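Take a look at the structure set out below.
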Amino acid sequence: MRGPFAAFNGHEQVLYGADDESGLRCIIAIHSTALGPALGGTRMLPYESEEDALEDVLRLSEAMTYKAAVAGIDTGGGKAVIIGDPETDKTEALLRAYGRMIGSLGGRYTTACDVGTYPDDIATILRETPHAVGAPPEEHGSGDSGVSTALGTYEGLRACAEERWGDPRLGGKHVAVQGVGKVGHRLVHHLAEEGARVSVADVDEDRAARCAEETRAEVVAPDKIHAVDCDIFSPNALGEVVTDRTIGELSCEIVAGAANNQLSRADLADELRAAGILYAPDYVINAGGLIQVADELRPGGYQEPRARRRVARIGDRLREVFALSRQEDVSTEEAAHRVAGRRIHAISRLTTLRLPGRD
């Protein structure tokens with residue numbers, strides 16, 4: 001029998017929600033609550049089919065489980081997608097209807113920003129449920145999480161450089177950045193400030209041109225950026241960039257960026273390793289945004305200095321993954337899974353130690 005359950009990979013719960021009048025069609029996926037209630041962003045895209053939307057939300061929510069575990073955060077893995085064009089279909093009514101869908105889960109899932117959603121959207125969702133983070137600071141949120149995602153990715157690139165060349169400095173290195181939206185644009189500025197040579201590409205030609213003008217980067221066609229002869233290829237747009245076709249076209253020593261689900265299939269990490277290309281597992285290097293919004297859930301609320309300190313340690317998380325990859329002779333993707341799995345096992349079992357008035 002085929003159906004949505006056949007696509008699950010350890011997922012606990014998937015909620016389909018619809019509101020005809022506002023046009024809402026959403027899927028919320030909770031992969032794991034072993035470390036705590038699920039936390040993950042809401043992506044709004046005009047998916048070609050419901051099957052594509054389900055596949056995306058299942059993969060993204062599973063990655064959030066590992067991302068939180070490796071980052072040392074006490075949240076589970078969840079994600080949501082809204083099927084629609086954020087430029088034309090997003091309305092107050094749709095967002096508030098979506099907020100009620102989140103509220104129906106009773107706190108098992110908290111949402112945040114992702115592709116196609118922004119802090120002001122979170123403020124609207126908060127009018128219907130308290131289970132949302134990443135609203136603007138004037139709405140008592142931590143604001144745009146892209147700031148922390150870009151900073152964490154930059155720190156991750158420095159850790160990759162140290163692993164590959166024995167020196168974390170990126171000045172003089174050539175970095176090809178795919179996607180200069182909320183995260184990629186900021187990452188390019190970090191790289192330019194350190195003196196890296198940067199090539200950029202984006203499906204939005206105007207956005208790529210603006211970024212290049214600001215940072216003196218070179219503009220490359222979106223379908224060619226992965227094949228640029230460079231030191232680091234940094235995917236920062238949508239996922240599935242490394243495929244059976246593109247892997248042979250890579251001309252870099254490192255693949256590291258903020259895009260989710262960069263590998264079209266997990267075992268491509270082994271092929272990258274065999275080709276001598278260092279891969280930074282996406283859910284490790286791009287955890288900065290999650291670290292920021294998760295800080296809102298701590299007692300006393302969001303504290304920027306504390307969150308930034310934790311984001312700055314993403315490089316150390318990658319160094320741990322790289323060391324385990326060498327020690328156990330596995331790909332960095334497998335090493336990251338092992339780091340995540342060991343923490344999930346070690347911490348989730350503590351619920352067997354019952355606390356009076358809490359458990």
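So you can find residues: chains in the structure tokens are A, B, ... in the order shown, residues in each start at 1, and ligands are numbered from 1 in order.
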task = Please identify all polymer residues within 8 Å of region 19-22 of chain A, counting only C-alpha atoms, omitting same-chain residues fewer than 2 positions from it, and present them as a ChimeraX atom specification.
result = /A:17,24-25,91,93-94,97
key: Shell around Val188 (chain A) at 8 Å using only C-alpha atoms, local window under 2 positions removed, as number ranges by chain   = A: 177, 180, 184-186, 190-192, 198, 211, 215
message = Going by DSSP on the backbone, which residues of region 108-290 of chain A come out as helix (DSSP H, G or I)? List them as JSON, numbers by chain.
response = {"A": [119, 120, 121, 122, 123, 124, 125, 137, 138, 139, 146, 147, 148, 149, 150, 151, 152, 153, 154, 155, 156, 157, 158, 159, 160, 161, 162, 163, 164, 165, 184, 185, 186, 187, 188, 189, 190, 191, 192, 193, 194, 205, 206, 207, 208, 209, 210, 211, 212, 213, 214, 215, 225, 226, 227, 247, 248, 249, 268, 269, 270, 271, 272, 273, 274, 282, 283, 284, 285, 288, 289, 290]}
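Counting only C-alpha atoms, the residue from A:Ser145, A:Asn260, A:Ser104, A:Thr246 that sits nearest to Lys79 (chain A) is A:Asn260.
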request  = Can you pull out every residue within 9 Å of Arg158 (chain A), counting only C-alpha atoms, but drop anything in the same chain fewer than 2 positions away, and send it as a list of chain:residue names?
outcome  = A:Thr153, A:Tyr154, A:Glu155, A:Gly156, A:Cys160, A:Ala161, A:Glu162, A:Glu163, A:Asp167, A:Pro168, A:Arg169, A:Leu170, A:Gly315
Mind dumping the selected residues with N, CA, C and O atoms as a PDB file, in the first residue's frame?
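Saved file out02.pdb follows:
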```
ATOM      1  N   THR A 153      27.509  30.348   9.090  1.00  0.00           N
ATOM      2  CA  THR A 153      28.062  29.763   7.868  1.00  0.00           C
ATOM      3  C   THR A 153      29.470  30.278   7.620  1.00  0.00           C
ATOM      4  O   THR A 153      30.373  29.522   7.237  1.00  0.00           O
ATOM      5  N   TYR A 154      29.669  31.559   7.857  1.00  0.00           N
ATOM      6  CA  TYR A 154      31.006  32.151   7.709  1.00  0.00           C
ATOM      7  C   TYR A 154      31.998  31.481   8.670  1.00  0.00           C
ATOM      8  O   TYR A 154      33.113  31.105   8.275  1.00  0.00           O
ATOM      9  N   GLU A 155      31.601  31.307   9.932  1.00  0.00           N
ATOM     10  CA  GLU A 155      32.476  30.629  10.892  1.00  0.00           C
ATOM     11  C   GLU A 155      32.737  29.191  10.446  1.00  0.00           C
ATOM     12  O   GLU A 155      33.841  28.658  10.624  1.00  0.00           O
ATOM     13  N   GLY A 156      31.720  28.569   9.855  1.00  0.00           N
ATOM     14  CA  GLY A 156      31.888  27.215   9.348  1.00  0.00           C
ATOM     15  C   GLY A 156      32.867  27.141   8.189  1.00  0.00           C
ATOM     16  O   GLY A 156      33.675  26.199   8.092  1.00  0.00           O
ATOM     17  N   CYS A 160      36.276  24.921   7.847  1.00  0.00           N
ATOM     18  CA  CYS A 160      36.585  24.090   6.679  1.00  0.00           C
ATOM     19  C   CYS A 160      37.966  24.420   6.121  1.00  0.00           C
ATOM     20  O   CYS A 160      38.735  23.519   5.769  1.00  0.00           O
ATOM     21  N   ALA A 161      38.264  25.717   6.037  1.00  0.00           N
ATOM     22  CA  ALA A 161      39.575  26.135   5.535  1.00  0.00           C
ATOM     23  C   ALA A 161      40.687  25.602   6.425  1.00  0.00           C
ATOM     24  O   ALA A 161      41.729  25.133   5.943  1.00  0.00           O
ATOM     25  N   GLU A 162      40.477  25.647   7.730  1.00  0.00           N
ATOM     26  CA  GLU A 162      41.480  25.133   8.661  1.00  0.00           C
ATOM     27  C   GLU A 162      41.667  23.628   8.485  1.00  0.00           C
ATOM     28  O   GLU A 162      42.795  23.119   8.528  1.00  0.00           O
ATOM     29  N   GLU A 163      40.555  22.915   8.292  1.00  0.00           N
ATOM     30  CA  GLU A 163      40.631  21.469   8.105  1.00  0.00           C
ATOM     31  C   GLU A 163      41.372  21.116   6.814  1.00  0.00           C
ATOM     32  O   GLU A 163      42.190  20.188   6.793  1.00  0.00           O
ATOM     33  N   ASP A 167      44.760  26.481   7.947  1.00  0.00           N
ATOM     34  CA  ASP A 167      44.692  27.910   8.264  1.00  0.00           C
ATOM     35  C   ASP A 167      43.255  28.371   8.030  1.00  0.00           C
ATOM     36  O   ASP A 167      42.712  28.197   6.935  1.00  0.00           O
ATOM     37  N   PRO A 168      42.594  28.950   9.041  1.00  0.00           N
ATOM     38  CA  PRO A 168      41.189  29.345   8.883  1.00  0.00           C
ATOM     39  C   PRO A 168      40.979  30.599   8.044  1.00  0.00           C
ATOM     40  O   PRO A 168      39.843  30.903   7.663  1.00  0.00           O
ATOM     41  N   ARG A 169      42.039  31.306   7.730  1.00  0.00           N
ATOM     42  CA  ARG A 169      41.869  32.579   7.026  1.00  0.00           C
ATOM     43  C   ARG A 169      41.396  32.362   5.597  1.00  0.00           C
ATOM     44  O   ARG A 169      41.873  31.475   4.895  1.00  0.00           O
ATOM     45  N   LEU A 170      40.438  33.204   5.186  1.00  0.00           N
ATOM     46  CA  LEU A 170      39.828  33.081   3.861  1.00  0.00           C
ATOM     47  C   LEU A 170      40.307  34.152   2.887  1.00  0.00           C
ATOM     48  O   LEU A 170      39.917  34.138   1.713  1.00  0.00           O
ATOM     49  N   GLY A 315      31.781  26.649  14.172  1.00  0.00           N
ATOM     50  CA  GLY A 315      33.070  26.152  13.671  1.00  0.00           C
ATOM     51  C   GLY A 315      33.592  24.995  14.503  1.00  0.00           C
ATOM     52  O   GLY A 315      34.114  24.004  13.968  1.00  0.00           O
TER      53      GLY A 315
END
```
Selection near Gln292 (chain A), 6 Å with only C-alpha atoms, sequence-local residues under 3 positions removed, as number ranges by chain = A: 289, 295, 307
ask   = What gap, in Å, lies between CA of Thr117 (chain A) and CA of Ala135 (chain A)?
value =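 So the two atoms, CA of Thr117 (chain A) and CA of Ala135 (chain A), lie 10.8 Å apart.
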task = Might you pull out every residue within 8 Å of Gly77 (chain A), with only C-alpha atoms counted and same-chain residues fewer than 6 positions away left off, and present them as number ranges by chain?
result = A: 30-33, 37-40, 61-68
What would the file look like if the residues just selected were written as a PDB file, in the first residue's frame with N, CA and C atoms?
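Saved as selection02.pdb:
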```
ATOM      1  N   ILE A  30       6.410  16.788  12.030  1.00  0.00           N
ATOM      2  CA  ILE A  30       7.199  16.644  13.250  1.00  0.00           C
ATOM      3  C   ILE A  30       7.976  15.346  13.128  1.00  0.00           C
ATOM      4  N   HIS A  31       9.289  15.480  13.024  1.00  0.00           N
ATOM      5  CA  HIS A  31      10.111  14.285  12.880  1.00  0.00           C
ATOM      6  C   HIS A  31      10.399  13.644  14.228  1.00  0.00           C
ATOM      7  N   SER A  32      10.830  14.468  15.209  1.00  0.00           N
ATOM      8  CA  SER A  32      11.192  13.914  16.508  1.00  0.00           C
ATOM      9  C   SER A  32      10.991  14.947  17.606  1.00  0.00           C
ATOM     10  N   THR A  33      10.509  14.474  18.745  1.00  0.00           N
ATOM     11  CA  THR A  33      10.441  15.316  19.951  1.00  0.00           C
ATOM     12  C   THR A  33      11.279  14.701  21.069  1.00  0.00           C
ATOM     13  N   PRO A  37      10.051  19.772  22.343  1.00  0.00           N
ATOM     14  CA  PRO A  37       9.081  20.096  21.297  1.00  0.00           C
ATOM     15  C   PRO A  37       9.790  20.505  20.005  1.00  0.00           C
ATOM     16  N   ALA A  38       9.189  20.174  18.884  1.00  0.00           N
ATOM     17  CA  ALA A  38       9.808  20.423  17.580  1.00  0.00           C
ATOM     18  C   ALA A  38       9.864  21.920  17.287  1.00  0.00           C
ATOM     19  N   LEU A  39      10.950  22.332  16.647  1.00  0.00           N
ATOM     20  CA  LEU A  39      11.140  23.719  16.230  1.00  0.00           C
ATOM     21  C   LEU A  39      11.695  23.726  14.818  1.00  0.00           C
ATOM     22  N   GLY A  40      11.108  24.536  13.956  1.00  0.00           N
ATOM     23  CA  GLY A  40      11.606  24.643  12.584  1.00  0.00           C
ATOM     24  C   GLY A  40      10.788  25.642  11.794  1.00  0.00           C
ATOM     25  N   SER A  61      12.243  18.458   7.927  1.00  0.00           N
ATOM     26  CA  SER A  61      11.968  18.231   9.354  1.00  0.00           C
ATOM     27  C   SER A  61      12.940  17.219   9.946  1.00  0.00           C
ATOM     28  N   GLU A  62      13.318  16.203   9.170  1.00  0.00           N
ATOM     29  CA  GLU A  62      14.300  15.240   9.655  1.00  0.00           C
ATOM     30  C   GLU A  62      15.651  15.925   9.881  1.00  0.00           C
ATOM     31  N   ALA A  63      16.029  16.787   8.942  1.00  0.00           N
ATOM     32  CA  ALA A  63      17.295  17.507   9.096  1.00  0.00           C
ATOM     33  C   ALA A  63      17.282  18.402  10.330  1.00  0.00           C
ATOM     34  N   MET A  64      16.104  18.955  10.681  1.00  0.00           N
ATOM     35  CA  MET A  64      16.015  19.806  11.864  1.00  0.00           C
ATOM     36  C   MET A  64      16.293  19.017  13.147  1.00  0.00           C
ATOM     37  N   THR A  65      15.909  17.742  13.176  1.00  0.00           N
ATOM     38  CA  THR A  65      16.218  16.899  14.332  1.00  0.00           C
ATOM     39  C   THR A  65      17.728  16.833  14.542  1.00  0.00           C
ATOM     40  N   TYR A  66      18.458  16.559  13.452  1.00  0.00           N
ATOM     41  CA  TYR A  66      19.910  16.442  13.541  1.00  0.00           C
ATOM     42  C   TYR A  66      20.553  17.798  13.803  1.00  0.00           C
ATOM     43  N   LYS A  67      20.000  18.845  13.198  1.00  0.00           N
ATOM     44  CA  LYS A  67      20.564  20.182  13.371  1.00  0.00           C
ATOM     45  C   LYS A  67      20.520  20.601  14.839  1.00  0.00           C
ATOM     46  N   ALA A  68      19.371  20.411  15.477  1.00  0.00           N
ATOM     47  CA  ALA A  68      19.243  20.780  16.886  1.00  0.00           C
ATOM     48  C   ALA A  68      20.160  19.937  17.760  1.00  0.00           C
TER      49      ALA A  68
END
```
message = Set the distance at 12 Å and use only C-alpha atoms: which residues neighbour Asp204 (chain A) once local chain neighbours fewer than 2 positions away are removed? I'd like the list as a PyMOL selection string.
response = chain A and resi 178-181+200-202+206-211+219-222+237
Selection above as a file: all heavy atoms, as a short mmCIF file (atom, residue, chain, number, x, y, z; two decimals), in the first residue's frame:
```cif
data_model
loop_
_atom_site.label_atom_id
_atom_site.label_comp_id
_atom_site.auth_asym_id
_atom_site.auth_seq_id
_atom_site.Cartn_x
_atom_site.Cartn_y
_atom_site.Cartn_z
N GLN A 178 26.44 30.46 -4.39
CA GLN A 178 25.19 30.24 -5.13
C GLN A 178 24.02 30.73 -4.28
O GLN A 178 23.74 30.18 -3.22
CB GLN A 178 25.01 28.76 -5.44
CG GLN A 178 23.74 28.43 -6.21
CD GLN A 178 23.56 26.93 -6.34
OE1 GLN A 178 23.62 26.20 -5.35
NE2 GLN A 178 23.35 26.46 -7.56
N GLY A 179 23.34 31.79 -4.72
CA GLY A 179 22.22 32.34 -3.97
C GLY A 179 22.65 33.48 -3.08
O GLY A 179 23.46 33.28 -2.16
N VAL A 180 22.13 34.69 -3.34
CA VAL A 180 22.49 35.85 -2.53
C VAL A 180 21.23 36.51 -1.98
O VAL A 180 21.02 37.71 -2.08
CB VAL A 180 23.36 36.86 -3.32
CG1 VAL A 180 24.75 36.30 -3.53
CG2 VAL A 180 22.73 37.23 -4.66
N GLY A 181 20.38 35.67 -1.38
CA GLY A 181 19.17 36.16 -0.74
C GLY A 181 19.44 36.56 0.70
O GLY A 181 20.47 37.17 1.01
N VAL A 200 29.44 35.22 -7.57
CA VAL A 200 28.07 35.07 -7.09
C VAL A 200 27.14 34.72 -8.24
O VAL A 200 27.40 35.07 -9.40
CB VAL A 200 27.55 36.35 -6.39
CG1 VAL A 200 28.42 36.69 -5.19
CG2 VAL A 200 27.48 37.52 -7.35
N ALA A 201 26.05 34.05 -7.90
CA ALA A 201 25.00 33.74 -8.86
C ALA A 201 23.67 33.70 -8.15
O ALA A 201 23.58 33.31 -6.97
CB ALA A 201 25.27 32.39 -9.54
N ASP A 202 22.62 34.12 -8.84
CA ASP A 202 21.28 34.07 -8.29
C ASP A 202 20.29 34.06 -9.46
O ASP A 202 20.55 34.69 -10.50
CB ASP A 202 21.01 35.29 -7.39
CG ASP A 202 19.82 35.09 -6.46
OD1 ASP A 202 18.67 35.12 -6.95
OD2 ASP A 202 20.05 34.88 -5.26
N ASP A 206 18.89 40.86 -10.91
CA ASP A 206 19.07 42.17 -10.26
C ASP A 206 19.70 42.01 -8.88
O ASP A 206 20.55 42.81 -8.48
CB ASP A 206 17.73 42.90 -10.16
CG ASP A 206 17.19 43.34 -11.51
OD1 ASP A 206 18.00 43.46 -12.46
OD2 ASP A 206 15.97 43.56 -11.63
N ARG A 207 19.25 40.99 -8.15
CA ARG A 207 19.80 40.75 -6.82
C ARG A 207 21.28 40.40 -6.90
O ARG A 207 22.09 40.88 -6.09
CB ARG A 207 19.02 39.64 -6.13
CG ARG A 207 19.35 39.44 -4.67
CD ARG A 207 18.23 38.71 -3.95
NE ARG A 207 17.95 37.40 -4.51
CZ ARG A 207 16.90 36.66 -4.17
NH1 ARG A 207 16.02 37.11 -3.29
NH2 ARG A 207 16.72 35.46 -4.70
N ALA A 208 21.65 39.57 -7.87
CA ALA A 208 23.06 39.21 -8.04
C ALA A 208 23.88 40.44 -8.40
O ALA A 208 25.00 40.64 -7.89
CB ALA A 208 23.20 38.14 -9.11
N ALA A 209 23.33 41.30 -9.28
CA ALA A 209 24.06 42.50 -9.71
C ALA A 209 24.28 43.46 -8.55
O ALA A 209 25.36 44.05 -8.40
CB ALA A 209 23.30 43.19 -10.84
N ARG A 210 23.25 43.63 -7.70
CA ARG A 210 23.38 44.52 -6.54
C ARG A 210 24.45 44.02 -5.59
O ARG A 210 25.28 44.79 -5.09
CB ARG A 210 22.03 44.64 -5.80
CG ARG A 210 21.00 45.50 -6.50
CD ARG A 210 19.87 45.85 -5.56
NE ARG A 210 19.19 44.67 -5.02
CZ ARG A 210 18.16 44.07 -5.61
NH1 ARG A 210 17.71 44.51 -6.78
NH2 ARG A 210 17.59 43.01 -5.05
N CYS A 211 24.43 42.72 -5.32
CA CYS A 211 25.41 42.14 -4.41
C CYS A 211 26.83 42.31 -4.97
O CYS A 211 27.76 42.66 -4.24
CB CYS A 211 25.09 40.66 -4.18
SG CYS A 211 26.18 39.84 -3.00
N VAL A 219 29.87 38.18 -11.24
CA VAL A 219 28.58 37.53 -11.45
C VAL A 219 28.75 36.38 -12.44
O VAL A 219 29.37 36.53 -13.49
CB VAL A 219 27.53 38.52 -11.97
CG1 VAL A 219 26.20 37.79 -12.25
CG2 VAL A 219 27.30 39.64 -10.97
N VAL A 220 28.19 35.22 -12.06
CA VAL A 220 28.24 34.02 -12.89
C VAL A 220 26.81 33.55 -13.15
O VAL A 220 25.92 33.77 -12.32
CB VAL A 220 29.05 32.90 -12.18
CG1 VAL A 220 29.07 31.62 -12.99
CG2 VAL A 220 30.47 33.37 -11.89
N ALA A 221 26.56 32.91 -14.25
CA ALA A 221 25.23 32.38 -14.56
C ALA A 221 24.83 31.34 -13.52
O ALA A 221 25.67 30.53 -13.09
CB ALA A 221 25.22 31.75 -15.95
N PRO A 222 23.56 31.32 -13.10
CA PRO A 222 23.12 30.39 -12.06
C PRO A 222 23.39 28.92 -12.38
O PRO A 222 23.66 28.13 -11.47
CB PRO A 222 21.62 30.67 -11.96
CG PRO A 222 21.46 32.08 -12.42
CD PRO A 222 22.49 32.26 -13.49
N ALA A 237 21.14 28.63 -1.76
CA ALA A 237 19.80 28.80 -2.31
C ALA A 237 18.98 27.58 -1.90
O ALA A 237 19.06 27.13 -0.77
CB ALA A 237 19.88 28.97 -3.83
#
```
List every residue of region 68-285 of chain A that DSSP, applied to the backbone of this structure, places in strand (DSSP E), and write the result as a compact mmCIF listing (two decimals) with N, CA and C atoms, in the first residue's frame.
```txt
# COMPACT_ATOMS: atom_id res chain seq x y z
N GLY A 76 13.22 19.51 19.35
CA GLY A 76 13.11 18.44 18.38
C GLY A 76 13.10 18.99 16.97
N GLY A 77 12.86 18.09 16.02
CA GLY A 77 12.89 18.48 14.61
C GLY A 77 11.52 18.59 14.00
N GLY A 78 11.22 19.75 13.45
CA GLY A 78 9.96 19.95 12.75
C GLY A 78 10.13 20.95 11.62
N LYS A 79 9.19 20.97 10.73
CA LYS A 79 9.22 21.92 9.62
C LYS A 79 7.80 22.02 9.06
N ALA A 80 7.53 23.09 8.34
CA ALA A 80 6.22 23.25 7.71
C ALA A 80 6.38 23.88 6.35
N VAL A 81 5.46 23.56 5.47
CA VAL A 81 5.41 24.20 4.16
C VAL A 81 3.99 24.71 3.91
N ILE A 82 3.92 25.87 3.28
CA ILE A 82 2.66 26.41 2.80
C ILE A 82 2.75 26.40 1.27
N ILE A 83 1.79 25.79 0.63
CA ILE A 83 1.79 25.70 -0.82
C ILE A 83 1.18 26.98 -1.39
N TYR A 109 4.84 21.79 18.19
CA TYR A 109 5.64 22.40 17.12
C TYR A 109 5.61 23.91 17.25
N THR A 110 6.79 24.51 17.17
CA THR A 110 6.93 25.97 17.14
C THR A 110 7.57 26.34 15.81
N THR A 111 7.02 27.36 15.15
CA THR A 111 7.52 27.73 13.84
C THR A 111 8.42 28.96 13.88
N ALA A 112 9.05 29.23 12.75
CA ALA A 112 9.95 30.38 12.57
C ALA A 112 9.99 30.69 11.08
N CYS A 113 10.87 31.60 10.67
CA CYS A 113 10.99 31.98 9.26
C CYS A 113 11.76 30.95 8.46
N HIS A 174 39.17 31.79 -3.24
CA HIS A 174 38.10 32.05 -4.20
C HIS A 174 36.86 31.25 -3.77
N VAL A 175 35.78 31.95 -3.45
CA VAL A 175 34.55 31.32 -2.99
C VAL A 175 33.44 31.61 -4.01
N ALA A 176 32.81 30.57 -4.51
CA ALA A 176 31.69 30.70 -5.44
C ALA A 176 30.40 30.53 -4.65
N VAL A 177 29.62 31.60 -4.55
CA VAL A 177 28.43 31.63 -3.71
C VAL A 177 27.18 31.52 -4.59
N GLN A 178 26.44 30.46 -4.39
CA GLN A 178 25.19 30.24 -5.13
C GLN A 178 24.02 30.73 -4.28
N ARG A 197 38.19 36.40 -2.68
CA ARG A 197 37.67 36.63 -4.02
C ARG A 197 36.34 35.90 -4.12
N VAL A 198 35.30 36.58 -4.58
CA VAL A 198 33.96 35.99 -4.55
C VAL A 198 33.31 36.04 -5.93
N SER A 199 32.74 34.92 -6.34
CA SER A 199 31.85 34.85 -7.50
C SER A 199 30.45 34.58 -6.98
N VAL A 200 29.44 35.22 -7.57
CA VAL A 200 28.07 35.07 -7.09
C VAL A 200 27.14 34.72 -8.24
N ALA A 201 26.05 34.05 -7.90
CA ALA A 201 25.00 33.74 -8.86
C ALA A 201 23.67 33.70 -8.15
N GLU A 218 32.27 38.88 -8.73
CA GLU A 218 32.03 38.55 -10.14
C GLU A 218 30.69 37.83 -10.25
N VAL A 219 29.87 38.18 -11.24
CA VAL A 219 28.58 37.53 -11.45
C VAL A 219 28.75 36.38 -12.44
N ILE A 232 36.27 27.13 -2.77
CA ILE A 232 35.09 26.73 -2.01
C ILE A 232 33.84 27.00 -2.85
N PHE A 233 33.00 26.00 -2.98
CA PHE A 233 31.67 26.19 -3.57
C PHE A 233 30.68 26.25 -2.42
N SER A 234 29.92 27.37 -2.34
CA SER A 234 29.02 27.60 -1.20
C SER A 234 27.57 27.71 -1.66
N PRO A 235 26.79 26.62 -1.55
CA PRO A 235 25.37 26.66 -1.93
C PRO A 235 24.54 27.36 -0.84
N ILE A 254 36.26 22.35 -1.40
CA ILE A 254 35.32 22.35 -0.28
C ILE A 254 33.93 22.68 -0.81
N VAL A 255 32.91 21.97 -0.30
CA VAL A 255 31.51 22.33 -0.51
C VAL A 255 30.93 22.66 0.85
N LEU A 278 36.08 18.20 0.59
CA LEU A 278 35.59 18.28 1.96
C LEU A 278 34.17 18.83 1.95
N TYR A 279 33.24 18.11 2.57
CA TYR A 279 31.85 18.54 2.62
C TYR A 279 31.46 18.89 4.05
```
inquiry  = Ranking A:Gly84, A:Pro4, A:Gly152, A:Gly195 by minimum distance to Ala258 (chain A) and counting only C-alpha atoms, which one comes first?
reply    =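 Nearest candidate to Ala258 (chain A) out of A:Gly84, A:Pro4, A:Gly152, A:Gly195: A:Gly152.
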inquiry  = Just want the 12 Å neighbourhood of Gly301 (chain A), counted on only C-alpha atoms, with same-chain residues fewer than 2 positions away dropped. Output as a list in words.
reply    =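 Final neighbour list, sorted by chain and number: Val133, Gly134, Pro137, His140, Gly141, Ser142, Gln292, Val293, Ala294, Asp295, Glu296, Leu297, Arg298, Pro299, Gln303, Glu304, Arg306 and Ala307 of chain A.
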Could you take the residues named above and write them with C-alpha atoms, as a short mmCIF file (atom, residue, chain, number, x, y, z; two decimals), in the first residue's frame?
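Contents of the output file part_13.cif:
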```
data_model
loop_
_atom_site.label_atom_id
_atom_site.label_comp_id
_atom_site.auth_asym_id
_atom_site.auth_seq_id
_atom_site.Cartn_x
_atom_site.Cartn_y
_atom_site.Cartn_z
CA VAL A 133 9.59 32.69 17.15
CA GLY A 134 11.59 35.12 15.06
CA PRO A 137 12.43 43.00 17.94
CA HIS A 140 9.58 40.99 21.35
CA GLY A 141 11.22 38.57 18.90
CA SER A 142 14.84 38.10 17.90
CA GLN A 292 19.03 32.42 17.42
CA VAL A 293 15.30 31.67 17.47
CA ALA A 294 15.70 28.81 19.96
CA ASP A 295 17.23 31.33 22.36
CA GLU A 296 13.80 33.02 22.56
CA LEU A 297 12.47 29.88 24.25
CA ARG A 298 14.95 30.01 27.13
CA PRO A 299 13.97 31.44 30.53
CA GLN A 303 19.60 37.48 24.78
CA GLU A 304 21.63 38.47 21.71
CA ARG A 306 24.38 34.63 24.44
CA ALA A 307 22.97 33.60 21.06
#
```
Within 8 Å of region 329-333 of chain A: each region 221-271 of chain A residue with its shortest pair, only C-alpha atoms, as CSV:
```
residue,atom,partner,partner_atom,distance
A:Ala266,CA,A:Glu333,CA,7.5
A:Ala269,CA,A:Ser331,CA,6.0
A:Asp270,CA,A:Ser331,CA,5.5
```
request  = Just give me the gap between CA of Ala287 (chain A) and CA of Asp74 (chain A) in Å, one decimal is fine.
outcome  =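 Here the two named atoms are 13.3 Å from each other.
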Pick from A:Arg308, A:Lys182, A:Arg164, A:Arg100, whichever lies nearest to Asn236 (chain A) using only C-alpha atoms =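 Among the listed residues, A:Lys182 lies closest to Asn236 (chain A).
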query = Taking only C-alpha atoms into account, which of A:Ser251, A:Leu95, A:Asn261, A:Asp89 comes nearest Leu238 (chain A)?
reply =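 Of A:Ser251, A:Leu95, A:Asn261, A:Asp89, the one nearest Leu238 (chain A), counting only C-alpha atoms, is A:Asn261.
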